[in-house]
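Text of the file entry_29.csv, holding CSV, C-alpha atoms:
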```csv
chain,number,residue,atom,x,y,z
A,12,MET,CA,6.5,-11.6,14.0
A,13,PRO,CA,6.7,-11.5,10.2
A,14,LYS,CA,8.8,-8.8,8.5
A,15,VAL,CA,7.4,-7.0,5.5
A,16,ILE,CA,8.9,-4.3,3.2
A,17,ALA,CA,7.8,-0.8,4.2
A,18,SER,CA,6.2,0.0,0.8
A,19,SER,CA,3.7,-2.8,1.3
A,20,LEU,CA,2.2,-1.3,4.4
A,21,ARG,CA,-1.3,0.2,4.2
A,22,LYS,CA,-3.8,2.2,6.4
A,23,GLY,CA,-5.1,0.0,9.2
A,24,ASN,CA,-2.0,-2.3,9.3
A,25,VAL,CA,-0.4,-2.8,12.7
A,26,VAL,CA,3.4,-2.7,13.1
A,27,ASP,CA,5.7,-3.5,16.0
A,28,LYS,CA,8.3,-0.8,16.6
A,29,ASP,CA,10.7,-1.1,19.6
A,30,GLY,CA,8.3,-3.5,21.3
A,31,ARG,CA,5.3,-1.2,21.0
A,32,LEU,CA,2.3,-1.6,18.6
A,33,TYR,CA,1.3,1.2,16.2
A,34,VAL,CA,-1.7,1.3,13.9
A,35,ILE,CA,-1.0,3.0,10.6
A,36,LEU,CA,-3.3,6.0,9.9
A,37,SER,CA,-1.8,6.8,6.5
A,38,ALA,CA,0.9,5.4,4.3
A,39,GLU,CA,2.4,7.2,1.3
A,40,ASN,CA,5.2,6.1,-1.0
A,41,ILE,CA,7.3,9.1,-2.0
A,42,HIS,CA,9.6,8.9,-5.1
A,43,PRO,CA,11.8,12.0,-5.2
A,44,GLY,CA,13.5,12.9,-8.5
A,45,LYS,CA,16.9,12.2,-6.9
A,46,GLY,CA,17.7,9.9,-4.0
A,47,THR,CA,16.1,6.8,-2.5
A,48,PRO,CA,12.3,6.3,-2.6
A,49,VAL,CA,10.8,6.4,0.9
A,50,THR,CA,7.6,5.4,2.6
A,51,GLN,CA,6.0,8.0,4.9
A,52,LEU,CA,3.9,6.5,7.7
A,53,ASP,CA,1.6,8.4,10.1
A,54,MET,CA,0.9,6.1,13.0
A,55,ARG,CA,-0.9,6.0,16.4
A,56,ARG,CA,0.6,4.2,19.3
A,57,ILE,CA,-2.1,1.8,20.5
A,58,THR,CA,-1.3,2.0,24.3
A,59,ASP,CA,-1.7,5.7,24.7
A,60,GLY,CA,-2.9,7.2,21.4
A,61,VAL,CA,0.3,9.2,20.7
A,62,LYS,CA,0.7,10.0,17.0
A,63,VAL,CA,4.1,9.7,15.3
A,64,SER,CA,5.4,10.1,11.8
A,65,GLU,CA,8.1,7.8,10.5
A,66,ARG,CA,10.0,7.5,7.2
A,67,TYR,CA,11.4,4.2,6.0
A,68,ARG,CA,13.3,3.3,2.8
A,69,THR,CA,10.8,1.5,0.6
A,70,THR,CA,12.9,-1.7,0.7
A,71,GLU,CA,13.4,-1.6,4.5
A,72,GLN,CA,12.0,-4.4,6.6
A,73,VAL,CA,9.3,-3.6,9.2
A,74,GLU,CA,7.8,-6.0,11.8
A,75,ARG,CA,4.1,-6.4,11.2
A,76,ALA,CA,2.1,-7.5,14.2
A,77,TYR,CA,-0.5,-10.3,13.9
A,78,VAL,CA,-3.9,-8.8,13.9
A,79,GLU,CA,-7.2,-10.6,13.7
A,80,ASP,CA,-9.7,-9.1,11.3
A,81,ARG,CA,-13.2,-10.3,12.0
A,82,GLU,CA,-16.7,-9.1,11.0
A,83,HIS,CA,-18.7,-7.5,13.7
A,84,THR,CA,-22.1,-5.9,13.9
A,85,PHE,CA,-22.6,-2.4,15.3
A,86,LEU,CA,-25.1,-2.3,18.1
A,87,TYR,CA,-25.1,1.1,19.8
A,88,SER,CA,-22.9,3.8,21.3
A,89,ASP,CA,-22.9,5.2,24.9
A,90,GLY,CA,-20.5,6.7,27.4
A,91,GLU,CA,-18.3,3.6,27.4
A,92,GLY,CA,-17.8,3.8,23.6
A,93,PHE,CA,-19.1,2.0,20.6
A,94,HIS,CA,-20.5,-1.5,21.1
A,95,PHE,CA,-20.1,-4.3,18.5
A,96,MET,CA,-21.1,-7.9,18.5
A,97,ASN,CA,-19.4,-10.9,16.9
A,98,PRO,CA,-22.2,-12.5,14.8
A,99,GLU,CA,-20.6,-16.0,15.3
A,100,SER,CA,-20.0,-16.1,19.1
A,101,TYR,CA,-22.5,-13.2,20.1
A,102,GLU,CA,-19.6,-11.8,22.1
A,103,GLN,CA,-19.8,-8.1,22.6
A,104,LEU,CA,-16.9,-5.7,22.4
A,105,ALA,CA,-16.7,-2.0,23.4
A,106,VAL,CA,-14.5,0.1,21.1
A,107,PRO,CA,-13.2,3.4,22.4
A,108,GLU,CA,-14.1,6.6,20.5
A,109,ASP,CA,-10.5,7.3,19.5
A,110,VAL,CA,-10.3,4.0,17.5
A,111,ILE,CA,-13.5,4.9,15.6
A,112,GLY,CA,-12.5,8.6,14.9
A,113,ASP,CA,-14.4,10.6,12.3
A,114,GLN,CA,-15.9,7.4,10.9
A,115,ALA,CA,-18.5,7.4,13.8
A,116,ALA,CA,-20.8,9.6,11.8
A,117,TYR,CA,-21.4,6.8,9.2
A,118,LEU,CA,-22.1,4.0,11.8
A,119,GLN,CA,-25.6,2.7,11.6
A,120,GLU,CA,-27.4,0.2,13.9
A,121,GLY,CA,-26.9,-3.3,12.5
A,122,MET,CA,-24.1,-2.3,10.1
A,123,ALA,CA,-21.5,-5.0,9.4
A,124,VAL,CA,-17.9,-3.7,9.8
A,125,MET,CA,-14.5,-5.3,9.9
A,126,LEU,CA,-12.9,-4.9,13.3
A,127,SER,CA,-9.2,-5.5,13.8
A,128,THR,CA,-8.1,-6.8,17.2
A,129,HIS,CA,-4.7,-7.7,18.7
A,130,ASN,CA,-5.0,-10.0,21.8
A,131,GLY,CA,-8.7,-8.9,22.2
A,132,VAL,CA,-7.9,-5.2,22.1
A,133,PRO,CA,-9.7,-3.3,19.3
A,134,LEU,CA,-7.2,-1.4,17.1
A,135,ALA,CA,-8.9,-0.3,13.9
A,136,ILE,CA,-12.3,-0.4,12.1
A,137,GLU,CA,-13.1,-0.7,8.5
A,138,LEU,CA,-16.6,0.4,7.4
A,139,PRO,CA,-18.4,-0.6,4.2
A,140,GLN,CA,-17.2,1.6,1.3
A,141,ARG,CA,-20.7,3.0,0.7
A,142,VAL,CA,-23.6,3.9,2.9
A,143,THR,CA,-27.1,5.1,2.2
A,144,LEU,CA,-28.3,8.3,4.0
A,145,GLU,CA,-31.1,10.8,3.6
A,146,VAL,CA,-30.6,14.4,2.6
A,147,THR,CA,-32.1,16.5,5.5
A,148,ASP,CA,-31.3,20.0,4.2
A,149,THR,CA,-30.3,21.4,0.8
A,150,GLU,CA,-31.3,24.2,-1.6
A,151,PRO,CA,-34.6,23.6,-3.5
A,152,VAL,CA,-34.5,21.7,-6.8
A,153,THR,CA,-33.9,24.1,-9.7
A,154,LYS,CA,-36.3,23.5,-12.6
A,155,GLY,CA,-34.8,22.8,-16.0
A,156,GLN,CA,-31.3,22.4,-14.5
A,157,THR,CA,-29.6,19.2,-15.8
A,158,ALA,CA,-27.1,17.2,-13.9
A,159,SER,CA,-24.2,19.4,-14.8
A,160,SER,CA,-20.9,19.7,-13.0
A,161,SER,CA,-22.2,22.3,-10.6
A,162,TYR,CA,-22.9,20.7,-7.2
A,163,LYS,CA,-24.7,22.3,-4.3
A,164,PRO,CA,-24.1,21.8,-0.5
A,165,ALA,CA,-26.4,19.4,1.4
A,166,THR,CA,-26.7,18.2,5.0
A,167,LEU,CA,-27.2,14.4,5.5
A,168,SER,CA,-29.2,12.6,8.2
A,169,ASN,CA,-25.9,11.8,10.1
A,170,GLY,CA,-25.0,15.5,10.3
A,171,VAL,CA,-22.3,15.3,7.6
A,172,ARG,CA,-22.2,18.0,4.9
A,173,THR,CA,-21.5,17.0,1.3
A,174,LEU,CA,-22.0,18.2,-2.2
A,175,VAL,CA,-24.9,16.8,-4.3
A,176,PRO,CA,-26.1,17.3,-7.9
A,177,PRO,CA,-28.7,20.1,-8.4
A,178,HIS,CA,-31.6,17.6,-9.0
A,179,ILE,CA,-31.3,16.1,-5.5
A,180,GLY,CA,-33.8,17.6,-3.0
A,181,THR,CA,-34.5,17.4,0.7
A,182,GLY,CA,-35.8,13.9,1.7
A,183,THR,CA,-34.0,12.1,-1.1
A,184,ARG,CA,-31.9,9.0,-0.1
A,185,ILE,CA,-28.4,9.0,-1.6
A,186,VAL,CA,-25.4,6.7,-1.5
A,187,VAL,CA,-22.1,8.3,-0.2
A,188,MET,CA,-18.6,7.0,0.2
A,189,THR,CA,-17.6,6.5,3.8
A,190,ALA,CA,-14.0,7.4,3.1
A,191,ASP,CA,-14.7,11.1,2.3
A,192,GLY,CA,-18.5,11.6,2.4
A,193,SER,CA,-18.6,12.2,-1.4
A,194,TYR,CA,-21.9,11.7,-3.3
A,195,VAL,CA,-22.1,8.5,-5.5
A,196,GLU,CA,-25.6,8.1,-6.7
A,197,ARG,CA,-29.3,8.3,-5.8
A,198,ALA,CA,-30.3,5.3,-3.6
A,199,LYS,CA,-32.2,2.6,-5.6
A,200,ASP,CA,-34.5,1.6,-2.7
```
Show me, as structure tokens, the structure contained in the file I just sent.
Amino acid sequence: MPKVIASSLRKGNVVDKDGRLYVILSAENIHPGKGTPVTQLDMRRITDGVKVSERYRTTEQVERAYVEDREHTFLYSDGEGFHFMNPESYEQLAVPEDVIGDQAAYLQEGMAVMLSTHNGVPLAIELPQRVTLEVTDTEPVTKGQTASSSYKPATLSNGVRTLVPPHIGTGTRIVVMTADGSYVERAKD
């Protein structure tokens, strides 16, 4: 397996530590005023889902596991998990709920996602950066109020709550970031 320096690791990468595979949930490079810079990794062990936190010197070598990233199309979810299809081979793959996590709210039927697998086992999923959703509930539009910096709470069609500008009303389709659910713009469709 190839060795890489710890500071180059990012969210979604898979590392081999003591013969076990871990998927990185978050990676942060910390540069203290004194001392050696370190990389703080929050990881989840793939076999049993146990979360661990590790610190490496930024120049330390870490074994990175070979992971296949391939585009898949989301089909549906049921008791077994979330079902995806490889558009090239039409092979279907069931992904457990703990791999999807809180990103499940943004999955839409027919959505193309990047699915990371290691020996056929799904490890991580990467959604498109932006998704279009409808506002199902928000305060009424205030007449004469311009798009100022005061945002109001809104509930989206997927159940996620976010903040929208005052001119956005119920029934409006908006574009949000899948990373944090933040408002980007009014949908252009």
Leaving out A:Thr181 and any residue of its chain fewer than 2 positions from it, which residues lie within 6 Å of it when counting only C-alpha atoms, given as a compact mmCIF listing (two decimals) with C-alpha atoms, in the frame of the given file?
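Output file part01.txt follows:
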```
# COMPACT_ATOMS: atom_id res chain seq x y z
CA VAL A 146 -30.60 14.40 2.60
CA THR A 147 -32.10 16.50 5.50
CA ASP A 148 -31.30 20.00 4.20
CA THR A 149 -30.30 21.40 0.80
CA THR A 183 -34.00 12.10 -1.10
```
(request) Counting all atoms listed in the file, find the residues whose atoms lie at most 8 Å from (5.2, 7.0, 3.7) (file coordinates) and write them out as a ChimeraX atom specification. (result) /A:18,37-41,49-53,65-67
Dump as a PDB file, in the coordinates of the input, selection limited to C-alpha atoms:
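Written file, selection-v5.pdb:
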```pdb
ATOM      1  CA  SER A  18       6.200   0.000   0.800  1.00  0.00           C
ATOM      2  CA  SER A  37      -1.800   6.800   6.500  1.00  0.00           C
ATOM      3  CA  ALA A  38       0.900   5.400   4.300  1.00  0.00           C
ATOM      4  CA  GLU A  39       2.400   7.200   1.300  1.00  0.00           C
ATOM      5  CA  ASN A  40       5.200   6.100  -1.000  1.00  0.00           C
ATOM      6  CA  ILE A  41       7.300   9.100  -2.000  1.00  0.00           C
ATOM      7  CA  VAL A  49      10.800   6.400   0.900  1.00  0.00           C
ATOM      8  CA  THR A  50       7.600   5.400   2.600  1.00  0.00           C
ATOM      9  CA  GLN A  51       6.000   8.000   4.900  1.00  0.00           C
ATOM     10  CA  LEU A  52       3.900   6.500   7.700  1.00  0.00           C
ATOM     11  CA  ASP A  53       1.600   8.400  10.100  1.00  0.00           C
ATOM     12  CA  GLU A  65       8.100   7.800  10.500  1.00  0.00           C
ATOM     13  CA  ARG A  66      10.000   7.500   7.200  1.00  0.00           C
ATOM     14  CA  TYR A  67      11.400   4.200   6.000  1.00  0.00           C
TER      15      TYR A  67
END
```
(request) For each of A:Glu79, A:Val124, A:Tyr117, A:Leu134, take the minimum atom-to-atom distance to A:Ser168, counting only C-alpha atoms, then give the residue where this is smallest. (result)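 For A:Ser168, the nearest of the candidates is A:Tyr117.
Among A:Gly192, A:Phe93, A:Pro139, A:Arg21, the residue with the shortest atom-to-atom distance to A:Pro164, counting all atoms listed in the file, is A:Gly192.
Using only C-alpha atoms for every distance, the candidate list A:Leu36, A:Lys62, A:Glu71, A:Gln114 yields A:Glu71 as the residue closest to A:Ser19.
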(request) Might you pull out every residue within 8 Å of A:Gly23, with only C-alpha atoms counted and same-chain residues fewer than 4 positions away left off, and present them as a list in words? (result)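 Those residues are Val34, Ile35, Leu36, Ala135 and Ile136 of chain A.
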(request) Kindly give the distance, in Å, that separates atom CA of A:Ile16 and atom CA of A:Thr70, rounded to a single decimal. (result) 5.4 Å
(request) Pick out the residues sitting within 10 Å of A:Glu91, and hand them over as a list in words; count only C-alpha atoms, and ignore anything fewer than 3 positions along from it in its own chain. (result) Ser88, His94, Ala105, Val106, Pro107 and Glu108 of chain A
(request) List the residues sitting within 12 Å of (-18.0, -6.2, 24.9) in the file's frame, using all atoms listed in the file, as number ranges by chain. (result) A: 83-88, 91-97, 100-107, 131-133
(message) One number please: atom CA of A:Lys45 to atom CA of A:Ser64, in Å, one decimal.
(response) 22.1 Å
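Interatomic distance, atom CA of A:Gln119 against atom CA of A:Glu137: 13.3 Å.
Of the listed residues (A:Asp200, A:Leu144, A:Gly44, A:Pro151), A:Leu144 comes nearest to A:Ile185; the distances count only C-alpha atoms.
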(request) Skip A:Thr143 itself and residues of its chain fewer than 5 positions away, then list as a list in words all residues within 7 Å of it, counting all atoms listed in the file. (result)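 Once the nearby chain positions are removed, what remains is Arg184, Ile185, Val186, Val187 and Ala198 of chain A.
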(request) Check the smallest atom-to-atom distance from each of A:Leu20, A:Ala76, A:Met54, A:Val195 to A:Thr128 using all atoms listed in the file, then report the winner. (result)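 The closest residue to A:Thr128 is A:Ala76.
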